[in-house]
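Written out below as structure tokens is the structure these notes cover.
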Amino acid sequence: MKIRPIILSILIAFLITGAYAQQYDLVIVGGTPGGIMTALGAARAGKTSVILERTRHIGGLPANGLGATDIATRGATTGLFAEFIGHIRQYYVDRYGEASQQVKDCSDGFHFEPSVAERILEQMLAAQAGKITVLKMRQFDVLEENIVLRNDRIEQITVLNRESGKPETYRGKIFADATYEGDLGAAARIPFRTGREGKEEFNEPGAGVVYKSWGGPEGAGTTFIGDNAVQSYNYRLCLTNNPANRVPVQKPAAYNRNEYTSMIDDVWTGRHTGVQMEKVTTAMLEENRKHIARGNPSQIPGDVWGIARVSNMVKLPNDKTDANNQHMAFISTDLPEENWPWPTSGWVWRDAFAQRLRSYIEGLLYFAQNDKELPEHFRKAAKEWGFSKDEYTDNGNFPRQVYVREGRRFEGVYFFTAQDATARIPGQRPVIHNSSITASHYALDSHAVRKREPGRVHLDGFLSYPSQVYTVPYGVMVPKEVDNLLLPVPVSGSHIGFSTLRMEPCWMAIGQAAGVAAALAIDRQVKVRHVPVEELQKTLIMQQATLVYFQDVKPADADFAMVQTLGLQGYLPEWKARLSDVADGETVALWEKTSGKKLTFTPGRTTRREVLQQLYTHP
């Protein structure tokens, strides 16, 4: 039977426009923790989603070595993140017993092995299997033909199935970019930034070119001028000194000894990048060389010995470590400068750099353990460590994913800077955003952008400045134009502002809010930037997400919802709610002025809780 030309044309049109594309409420690019929590947040609101993950494993960095959770104030970020760490702790209790060393070493669930993080995240997804579809080996490339935009909405995207080699199309009501790079947002033509702003733009500490000893002041060469430099990447290694589970480090095929030789004199003298070096003289360095030659470890204040010289290690359960770049060293597992193209490059370039980075790190460890110009007892100490045999068993016991600390940073409805994370008056809070979707806390923290340079106290851009527990406004993940796109991972902010938002607990919390916001946008049939924020916040608070941090009120407390709600409204600007304290007349008068309500109050008797309950019950 012949097919009429008009019918054939319709069939072809259906195929081109994606009529046979797979349809979901929410399409999420990236199986990072932020993407996973986006899916879970939407699922709990009854919405379907698909997670399109490029690799064979979900979980992002926590499943790839980042086992020492980056959060400065525990309890600042809760919600689904708190559920995650709760499941981690329970895993170790169930497997090893409450009194076990493993439970102690998991630090209440904040420290975990990579394989355990992946297991728990998989279990959390499996609990919503009816709502969440996870597809691995799906690669999204920033190409015009891979996205259909019409009337400021994404209609569909096309990804490459890396196993079949064939394209696949997905349609959704809402789309979320949960990649570390920001690839979907870039394809949707959302304006973005890379590199570093200068200090003149936002008056941020650490902005632009900065040479700063670790824990000390800015040094020679600092100009605070912005540039195109991107902070360095590495792999978060899972090392062990347990011989029964240790895999020796092998010399990589592309080993280049010359890359590491500057470390030799550092080891012999004890020279490092910490503030302690301000009091170290040349004579002390030479005396340390003699001290080491006699078979002793370094005696220079702040110096470390053995493998710790090239890797900062935090203890994890089962004799493992989260081994990150050593911030007290001129040469470690970061590879500055060479990663600058990563944010805007395609996957061919990224995969080549990933292999280069792996070879560089393997060569660094091999050098520390074997080079005969290093002290023998240093090499012996370094050789106590190797890769964990039971981690990454399909990848030679090496992490599968590069630690992309910073990719594209989008320019959204709200642009987060250091001013949002630091108090204007010492001891007080940073600004409380009334559109907050989570509280969080980590230092303003960036890794180096350039390799070692003569005469500098540290590598350019390697810095840390203090912050305080802050609030994250909804607008950091909302683009100004595209109506159905959320950006829970490549959020909107400056280099320094992003440097604190980029921690996984914060990304998880933003992801949870993104899932809830997506559901509200669908149900209310509104653009994502018109989602009713108060309703979003109410749902998040019901899910025990902390939107404003108080030192004396926890998510399980009966007054949690009241304190969160009134805190967002500006009634509680201090770090403690002090609900049991007797209310004072001045405060009650201020609350009456703010609310326009007459409050019942008996001086010397009525507690702050009782007055606040009047505001909460009768807003």
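Residue numbering restarts at 1 for every chain of the structure tokens, chains are lettered A, B, ... in their displayed order, and ligands are numbered from 1 as they appear.
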Enumerate, in order of chain and increasing residue number, the residues of region 507-590 of chain A with an atom no farther than 12 Å from region 48-52 of chain A, each with its shortest atom pair and distance in Å to one decimal, counting only C-alpha atoms, as CSV.
```
residue,atom,partner,partner_atom,distance
A:Gly515,CA,A:Ser49,CA,9.4
A:Val516,CA,A:Thr48,CA,11.9
A:Ala518,CA,A:Ser49,CA,10.4
A:Ala519,CA,A:Thr48,CA,9.4
A:Ile522,CA,A:Thr48,CA,11.3
```
Generate the output file for the selected residues, N, CA and C atoms, as a PDB file, in the first residue's frame.
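Saved result, result-v3.pdb, follows:
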```pdb
ATOM      1  N   GLY A 515      12.979  21.569  42.602  1.00  0.00           N
ATOM      2  CA  GLY A 515      11.937  20.576  42.353  1.00  0.00           C
ATOM      3  C   GLY A 515      10.573  21.047  42.797  1.00  0.00           C
ATOM      4  N   VAL A 516      10.514  21.660  43.974  1.00  0.00           N
ATOM      5  CA  VAL A 516       9.248  22.182  44.482  1.00  0.00           C
ATOM      6  C   VAL A 516       8.766  23.337  43.607  1.00  0.00           C
ATOM      7  N   ALA A 518       9.430  23.851  40.466  1.00  0.00           N
ATOM      8  CA  ALA A 518       8.963  23.314  39.183  1.00  0.00           C
ATOM      9  C   ALA A 518       7.529  22.821  39.295  1.00  0.00           C
ATOM     10  N   ALA A 519       7.241  22.111  40.392  1.00  0.00           N
ATOM     11  CA  ALA A 519       5.884  21.601  40.596  1.00  0.00           C
ATOM     12  C   ALA A 519       4.882  22.750  40.726  1.00  0.00           C
ATOM     13  N   ILE A 522       4.191  24.345  37.353  1.00  0.00           N
ATOM     14  CA  ILE A 522       3.294  23.503  36.550  1.00  0.00           C
ATOM     15  C   ILE A 522       1.856  23.628  37.042  1.00  0.00           C
TER      16      ILE A 522
END
```
May I have a table of the residues of region 367-471 of chain A lying at most 6 Å from region 298-322 of chain A, giving each one's closest pair of atoms and their distance in Å to one decimal, counting only C-alpha atoms, ordered by chain and ascending residue number, as a tab-separated table?
```
residue	atom	partner	partner_atom	distance
A:Phe378	CA	A:Gly306	CA	5.2
A:Ala381	CA	A:Gly306	CA	4.9
A:Ala382	CA	A:Gly306	CA	4.3
```
Shell of 10 Å around Val588 (chain A), only C-alpha atoms, local chain residues under 5 positions omitted, as a ChimeraX atom specification: /A:583,593-594,598-601,603,608,611-612
Residues near Phe410 (chain A), cut-off 12 Å, only C-alpha atoms, skip fewer than 5 positions along chain, as a count of residues only: 36
Separation of CA of Ile154 (chain A) from CA of Leu485 (chain A) in Å: 7.4 Å
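Distance-wise, CA of Thr471 (chain A) and CA of Ile71 (chain A) end up 14.0 Å apart.
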Atomic separation - CA of Pro573 (chain A) relative to CA of Trp591 (chain A), Å: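 Separation between CA of Trp591 (chain A) and CA of Pro573 (chain A): 11.7 Å.
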Residue neighbourhood His530 (chain A), 12 Å, only C-alpha atoms, exclusion window fewer than 2 positions, as a PyMOL selection string: chain A and resi 413+474-475+478-484+517-518+520-522+524-528+532-536
Written selection (C-alpha atoms) as a short mmCIF file (atom, residue, chain, number, x, y, z; two decimals), in the first residue's frame:
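So the final result, stored in out.cif, reads:
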```cif
data_model
loop_
_atom_site.label_atom_id
_atom_site.label_comp_id
_atom_site.auth_asym_id
_atom_site.auth_seq_id
_atom_site.Cartn_x
_atom_site.Cartn_y
_atom_site.Cartn_z
CA VAL A 413 17.18 37.25 38.58
CA TYR A 474 15.26 32.00 44.97
CA GLY A 475 16.47 34.26 42.16
CA VAL A 478 16.05 31.69 37.92
CA PRO A 479 17.02 33.12 34.52
CA LYS A 480 15.65 36.51 33.54
CA GLU A 481 14.11 35.39 30.27
CA VAL A 482 13.56 31.68 29.57
CA ASP A 483 10.26 30.88 31.28
CA ASN A 484 10.62 27.17 32.10
CA ALA A 517 9.32 25.35 42.37
CA ALA A 518 8.96 23.31 39.18
CA LEU A 520 4.36 24.95 41.60
CA ALA A 521 5.07 26.43 38.17
CA ILE A 522 3.29 23.50 36.55
CA ARG A 524 -0.13 27.32 38.79
CA GLN A 525 0.69 27.49 35.09
CA VAL A 526 3.15 30.31 35.66
CA LYS A 527 6.66 31.15 34.56
CA VAL A 528 9.36 29.95 36.95
CA PRO A 532 4.70 32.20 44.47
CA VAL A 533 7.76 32.29 46.72
CA GLU A 534 5.80 32.25 49.99
CA GLU A 535 4.10 29.03 48.90
CA LEU A 536 7.46 27.57 47.87
#
```
